[in-house]
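Below is work32.cif, which holds mmCIF, C-alpha atoms.
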data_protein
#
loop_
_atom_site.label_atom_id
_atom_site.label_comp_id
_atom_site.auth_asym_id
_atom_site.auth_seq_id
_atom_site.Cartn_x
_atom_site.Cartn_y
_atom_site.Cartn_z
CA MET A 1 56.62 35.85 9.13
CA ARG A 2 56.95 38.80 11.27
CA ASN A 3 58.84 38.85 14.51
CA ARG A 4 56.15 39.73 17.03
CA PRO A 5 56.38 39.13 20.76
CA GLY A 6 53.95 36.49 22.17
CA PHE A 7 53.02 32.86 21.75
CA THR A 8 51.71 31.04 18.74
CA LEU A 9 48.45 29.12 18.84
CA ILE A 10 50.33 25.80 18.77
CA GLU A 11 52.45 26.81 21.78
CA ILE A 12 49.36 27.81 23.75
CA ILE A 13 47.54 24.54 22.89
CA LEU A 14 50.63 22.50 23.81
CA ALA A 15 51.03 24.34 27.14
CA MET A 16 47.34 23.84 28.00
CA SER A 17 47.55 20.11 27.12
CA ILE A 18 50.55 19.65 29.41
CA LEU A 19 48.79 21.58 32.19
CA ALA A 20 45.63 19.45 31.78
CA PHE A 21 47.68 16.23 31.91
CA VAL A 22 49.46 17.36 35.10
CA GLY A 23 46.08 18.32 36.61
CA VAL A 24 44.56 14.91 35.84
CA VAL A 25 47.56 13.12 37.38
CA PHE A 26 47.37 15.34 40.47
CA ILE A 27 43.61 14.80 40.93
CA SER A 28 44.02 11.01 40.46
CA ALA A 29 46.78 10.89 43.06
CA LEU A 30 44.72 12.99 45.46
CA THR A 31 41.66 10.75 45.00
CA TYR A 32 43.72 7.59 45.53
CA THR A 33 45.29 9.06 48.68
CA ALA A 34 41.91 10.08 50.09
CA THR A 35 40.42 6.64 49.38
CA SER A 36 43.40 4.94 51.03
CA TRP A 37 43.06 7.20 54.07
CA VAL A 38 39.35 6.41 54.45
CA ALA A 39 40.06 2.67 54.07
CA ALA A 40 42.80 2.81 56.72
CA VAL A 41 40.63 4.73 59.17
CA GLU A 42 37.74 2.34 58.61
CA SER A 43 40.00 -0.70 59.10
CA VAL A 44 41.28 0.69 62.40
CA GLU A 45 37.75 1.45 63.60
CA MET A 46 36.55 -2.03 62.62
CA ALA A 47 39.50 -3.65 64.42
CA GLN A 48 38.83 -1.60 67.56
CA LYS A 49 35.12 -2.49 67.54
CA ALA A 50 35.87 -6.16 67.00
CA ARG A 51 38.58 -6.22 69.68
CA LEU A 52 36.27 -4.64 72.25
CA ALA A 53 33.44 -7.07 71.51
CA LEU A 54 35.70 -10.13 71.35
CA THR A 55 37.37 -9.20 74.64
CA ARG A 56 34.00 -8.93 76.39
CA ILE A 57 32.80 -12.22 74.91
CA PHE A 58 36.13 -13.88 75.78
CA VAL A 59 35.89 -12.86 79.44
CA GLU A 60 32.28 -13.99 79.79
CA LEU A 61 32.83 -17.36 78.09
CA GLN A 62 36.06 -18.06 79.94
CA GLU A 63 34.21 -17.70 83.23
CA MET A 64 31.10 -19.66 82.17
CA ARG A 65 29.96 -22.20 84.76
CA GLY A 66 27.49 -24.20 82.70
CA MET A 67 24.86 -24.33 80.03
CA ASP A 68 21.36 -22.94 80.55
CA ALA A 69 19.39 -26.22 80.64
CA GLY A 70 16.07 -24.56 79.79
CA HIS A 71 17.39 -23.27 76.47
CA ARG A 72 20.02 -25.87 75.64
CA ALA A 73 18.19 -27.05 72.51
CA ASP A 74 18.24 -23.46 71.17
CA ASN A 75 22.05 -23.29 71.01
CA ASP A 76 23.62 -23.18 67.57
CA ALA A 77 26.51 -21.51 65.73
CA ASN A 78 25.06 -18.03 66.36
CA THR A 79 23.30 -18.49 69.71
CA LEU A 80 24.62 -19.64 73.08
CA TYR A 81 22.70 -19.75 76.35
CA PHE A 82 25.11 -20.20 79.26
CA ILE A 83 25.49 -19.61 83.01
CA ASP A 84 27.97 -16.92 84.09
CA MET A 85 30.29 -17.04 87.11
CA GLU A 86 27.57 -15.59 89.38
CA GLY A 87 25.06 -18.25 88.37
CA GLN A 88 23.03 -15.93 86.12
CA PRO A 89 21.86 -17.11 82.70
CA LEU A 90 23.30 -15.13 79.79
CA LEU A 91 22.51 -15.15 76.10
CA LEU A 92 25.10 -14.52 73.39
CA ARG A 93 23.48 -14.21 69.98
CA GLN A 94 23.76 -12.61 66.59
CA VAL A 95 20.53 -11.14 65.26
CA GLY A 96 20.84 -9.68 61.79
CA ASP A 97 23.99 -7.56 61.72
CA THR A 98 24.17 -7.02 65.50
CA ILE A 99 25.78 -9.22 68.15
CA PHE A 100 24.11 -9.11 71.57
CA LEU A 101 25.26 -10.30 74.97
CA ASP A 102 22.41 -10.54 77.46
CA GLY A 103 20.34 -8.01 75.52
CA GLU A 104 23.16 -5.46 75.23
CA ALA A 105 24.35 -4.70 71.70
CA LEU A 106 28.08 -5.42 71.59
CA LEU A 107 28.79 -5.00 67.91
CA ASP A 108 26.92 -3.78 64.87
CA GLY A 109 27.85 -4.18 61.23
CA ALA A 110 28.47 -7.93 61.49
CA ALA A 111 28.05 -9.93 58.32
CA THR A 112 25.08 -12.28 58.30
CA GLY A 113 25.00 -15.87 57.18
CA GLY A 114 28.22 -17.12 58.78
CA GLU A 115 28.87 -19.09 61.93
CA MET A 116 29.99 -16.97 64.88
CA LEU A 117 30.68 -19.84 67.31
CA SER A 118 32.44 -23.17 67.00
CA PHE A 119 32.93 -25.71 69.79
CA ARG A 120 35.75 -28.27 70.05
CA ARG A 121 36.69 -31.17 72.30
CA ALA A 122 40.25 -31.82 73.42
CA ASP A 123 40.61 -34.46 70.67
CA ASP A 124 39.71 -31.73 68.11
CA SER A 125 36.30 -33.21 67.32
CA ASP A 126 33.16 -31.09 67.35
CA TRP A 127 31.41 -30.50 70.68
CA ASP A 128 27.63 -30.21 70.47
CA PRO A 129 26.20 -27.51 72.78
CA THR A 130 22.73 -29.06 72.61
CA ASN A 131 23.73 -32.53 73.86
CA ASP A 132 27.33 -32.87 75.06
CA ASP A 133 28.52 -32.51 78.63
CA LEU A 134 30.26 -29.24 79.54
CA ASP A 135 33.15 -31.23 81.03
CA ASP A 136 34.08 -32.30 77.48
CA LEU A 137 34.30 -28.75 76.12
CA TYR A 138 37.89 -27.74 75.37
CA GLU A 139 37.56 -24.52 73.39
CA ILE A 140 35.07 -22.13 71.91
CA GLY A 141 36.05 -20.41 68.70
CA ILE A 142 34.56 -16.99 68.09
CA ARG A 143 34.64 -15.52 64.59
CA VAL A 144 33.20 -12.14 63.77
CA VAL A 145 33.03 -10.89 60.21
CA LEU A 146 32.40 -7.17 59.74
CA ASP A 147 31.13 -5.49 56.60
CA SER A 148 33.12 -2.53 55.31
CA GLN A 149 30.93 0.45 54.47
CA TYR A 150 33.24 2.22 52.05
CA LEU A 151 35.14 -0.55 50.33
CA ASN A 152 32.40 -3.21 50.01
CA THR A 153 34.62 -5.88 51.55
CA GLN A 154 34.52 -7.97 54.70
CA ARG A 155 37.11 -8.31 57.46
CA ALA A 156 37.20 -11.32 59.79
CA PHE A 157 38.31 -11.22 63.43
CA GLY A 158 38.45 -14.10 65.84
CA THR A 159 39.69 -15.59 69.06
CA VAL A 160 39.60 -18.89 70.91
CA VAL A 161 38.33 -19.27 74.47
CA ASN A 162 39.26 -22.11 76.80
CA PRO A 163 36.55 -22.13 79.47
CA LEU A 164 38.11 -22.47 82.92
CA TYR A 165 35.43 -24.48 84.65
CA THR A 166 35.21 -27.61 82.51
CA GLY A 167 36.69 -31.05 83.11
CA VAL A 168 39.33 -30.70 80.38
CA ALA A 169 42.94 -30.16 81.43
CA ARG A 170 44.41 -26.81 80.39
CA ALA A 171 47.58 -28.08 78.73
CA PRO A 172 48.93 -27.20 75.31
CA ARG A 173 47.96 -29.60 72.56
CA LEU A 174 50.50 -31.17 70.23
CA GLN A 175 49.67 -30.70 66.57
#

Serialized structure, structure tokens:
Amino acid sequence: MRNRPGFTLIEIILAMSILAFVGVVFISALTYTATSWVAAVESVEMAQKARLALTRIFVELQEMRGMDAGHRADNDANTLYFIDMEGQPLLLRQVGDTIFLDGEALLDGAATGGEMLSFRRADDSDWDPTNDDLDDLYEIGIRVVLDSQYLNTQRAFGTVVNPLYTGVARAPRLQ
């Protein structure tokens, strides 16, 4: 062997292999970081959308004065006809992936197939919006499930409303 300056073929192949490995690790870490960032941003946006819609629904249902008698039979877990504090009939309903309040779209991207509304009496039994008296209504549970665009998952948000103008006392319940 002669003593020439430079690198052997094995040294060059080894250096390129190490460089390729470092590049793959770097690209994988960058991809993971970008995916995590997008997921975090999407989660924050979903939470903000849900909070805004749930707050609006909460305020309207807390101030409800009665049920719309003409549409009472149409109430179910995704539709509620009620009378607001000014005596005007309002409709809360989920149609497809959009939740509407009195014709105004409050939230889009909602998952379909679930129950948005649940009604309870003070004794924790179910309250039927088609037949039961409003004075027996203790709480309305609202559950909104949103579909994630990027991660193909669902996130659930919810709140409980105690309507003010029913015959049920507003005291804490013992569990």

Residues in the PyMOL selection byres ((chain A and resi 56) around 12), expressed as a PyMOL selection string
chain A and resi 49-55+57-63+92+99-102+104-107+142+159+161

Only C-alpha atoms, please: the residues just picked out, written as a CSV table (one decimal), in the frame of the given file.
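New file again-v2.csv:
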chain,number,residue,atom,x,y,z
A,49,LYS,CA,35.1,-2.5,67.5
A,50,ALA,CA,35.9,-6.2,67.0
A,51,ARG,CA,38.6,-6.2,69.7
A,52,LEU,CA,36.3,-4.6,72.2
A,53,ALA,CA,33.4,-7.1,71.5
A,54,LEU,CA,35.7,-10.1,71.4
A,55,THR,CA,37.4,-9.2,74.6
A,57,ILE,CA,32.8,-12.2,74.9
A,58,PHE,CA,36.1,-13.9,75.8
A,59,VAL,CA,35.9,-12.9,79.4
A,60,GLU,CA,32.3,-14.0,79.8
A,61,LEU,CA,32.8,-17.4,78.1
A,62,GLN,CA,36.1,-18.1,79.9
A,63,GLU,CA,34.2,-17.7,83.2
A,92,LEU,CA,25.1,-14.5,73.4
A,99,ILE,CA,25.8,-9.2,68.2
A,100,PHE,CA,24.1,-9.1,71.6
A,101,LEU,CA,25.3,-10.3,75.0
A,102,ASP,CA,22.4,-10.5,77.5
A,104,GLU,CA,23.2,-5.5,75.2
A,105,ALA,CA,24.4,-4.7,71.7
A,106,LEU,CA,28.1,-5.4,71.6
A,107,LEU,CA,28.8,-5.0,67.9
A,142,ILE,CA,34.6,-17.0,68.1
A,159,THR,CA,39.7,-15.6,69.1
A,161,VAL,CA,38.3,-19.3,74.5

Can you give me, as a VMD selection string, the residues this file yields under the PyMOL selection byres ((chain A and resi 37-42) around 12)?
chain A and resid 30 to 36 43 to 49 146 to 155

Write the residues of the selection above to a file with C-alpha atoms, as an mmCIF file, in the coordinates of the input.
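As a result, part37.cif now contains:
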data_model
loop_
_atom_site.group_PDB
_atom_site.id
_atom_site.type_symbol
_atom_site.label_atom_id
_atom_site.label_comp_id
_atom_site.auth_asym_id
_atom_site.auth_seq_id
_atom_site.Cartn_x
_atom_site.Cartn_y
_atom_site.Cartn_z
ATOM 1 C CA LEU A 30 44.720 12.990 45.460
ATOM 2 C CA THR A 31 41.660 10.750 45.000
ATOM 3 C CA TYR A 32 43.720 7.590 45.530
ATOM 4 C CA THR A 33 45.290 9.060 48.680
ATOM 5 C CA ALA A 34 41.910 10.080 50.090
ATOM 6 C CA THR A 35 40.420 6.640 49.380
ATOM 7 C CA SER A 36 43.400 4.940 51.030
ATOM 8 C CA SER A 43 40.000 -0.700 59.100
ATOM 9 C CA VAL A 44 41.280 0.690 62.400
ATOM 10 C CA GLU A 45 37.750 1.450 63.600
ATOM 11 C CA MET A 46 36.550 -2.030 62.620
ATOM 12 C CA ALA A 47 39.500 -3.650 64.420
ATOM 13 C CA GLN A 48 38.830 -1.600 67.560
ATOM 14 C CA LYS A 49 35.120 -2.490 67.540
ATOM 15 C CA LEU A 146 32.400 -7.170 59.740
ATOM 16 C CA ASP A 147 31.130 -5.490 56.600
ATOM 17 C CA SER A 148 33.120 -2.530 55.310
ATOM 18 C CA GLN A 149 30.930 0.450 54.470
ATOM 19 C CA TYR A 150 33.240 2.220 52.050
ATOM 20 C CA LEU A 151 35.140 -0.550 50.330
ATOM 21 C CA ASN A 152 32.400 -3.210 50.010
ATOM 22 C CA THR A 153 34.620 -5.880 51.550
ATOM 23 C CA GLN A 154 34.520 -7.970 54.700
ATOM 24 C CA ARG A 155 37.110 -8.310 57.460
#

When the PyMOL selection byres ((chain A and resi 71) around 9) is applied to the file above, which residues end up in the set, as a PyMOL selection string?
chain A and resi 67-70+72-75+80-82+130

As a ChimeraX atom specification, please: the residues near Glu115 in chain A (cut-off 9 Å, all atoms listed in the file, same-chain neighbours under 3 positions excluded).
/A:76-78,112,118,142-144

Those same residues - C-alpha atoms - I'd like them written as a short mmCIF file (atom, residue, chain, number, x, y, z; two decimals), in the coordinates of the input.
data_model
loop_
_atom_site.label_atom_id
_atom_site.label_comp_id
_atom_site.auth_asym_id
_atom_site.auth_seq_id
_atom_site.Cartn_x
_atom_site.Cartn_y
_atom_site.Cartn_z
CA ASP A 76 23.62 -23.18 67.57
CA ALA A 77 26.51 -21.51 65.73
CA ASN A 78 25.06 -18.03 66.36
CA THR A 112 25.08 -12.28 58.30
CA SER A 118 32.44 -23.17 67.00
CA ILE A 142 34.56 -16.99 68.09
CA ARG A 143 34.64 -15.52 64.59
CA VAL A 144 33.20 -12.14 63.77
#
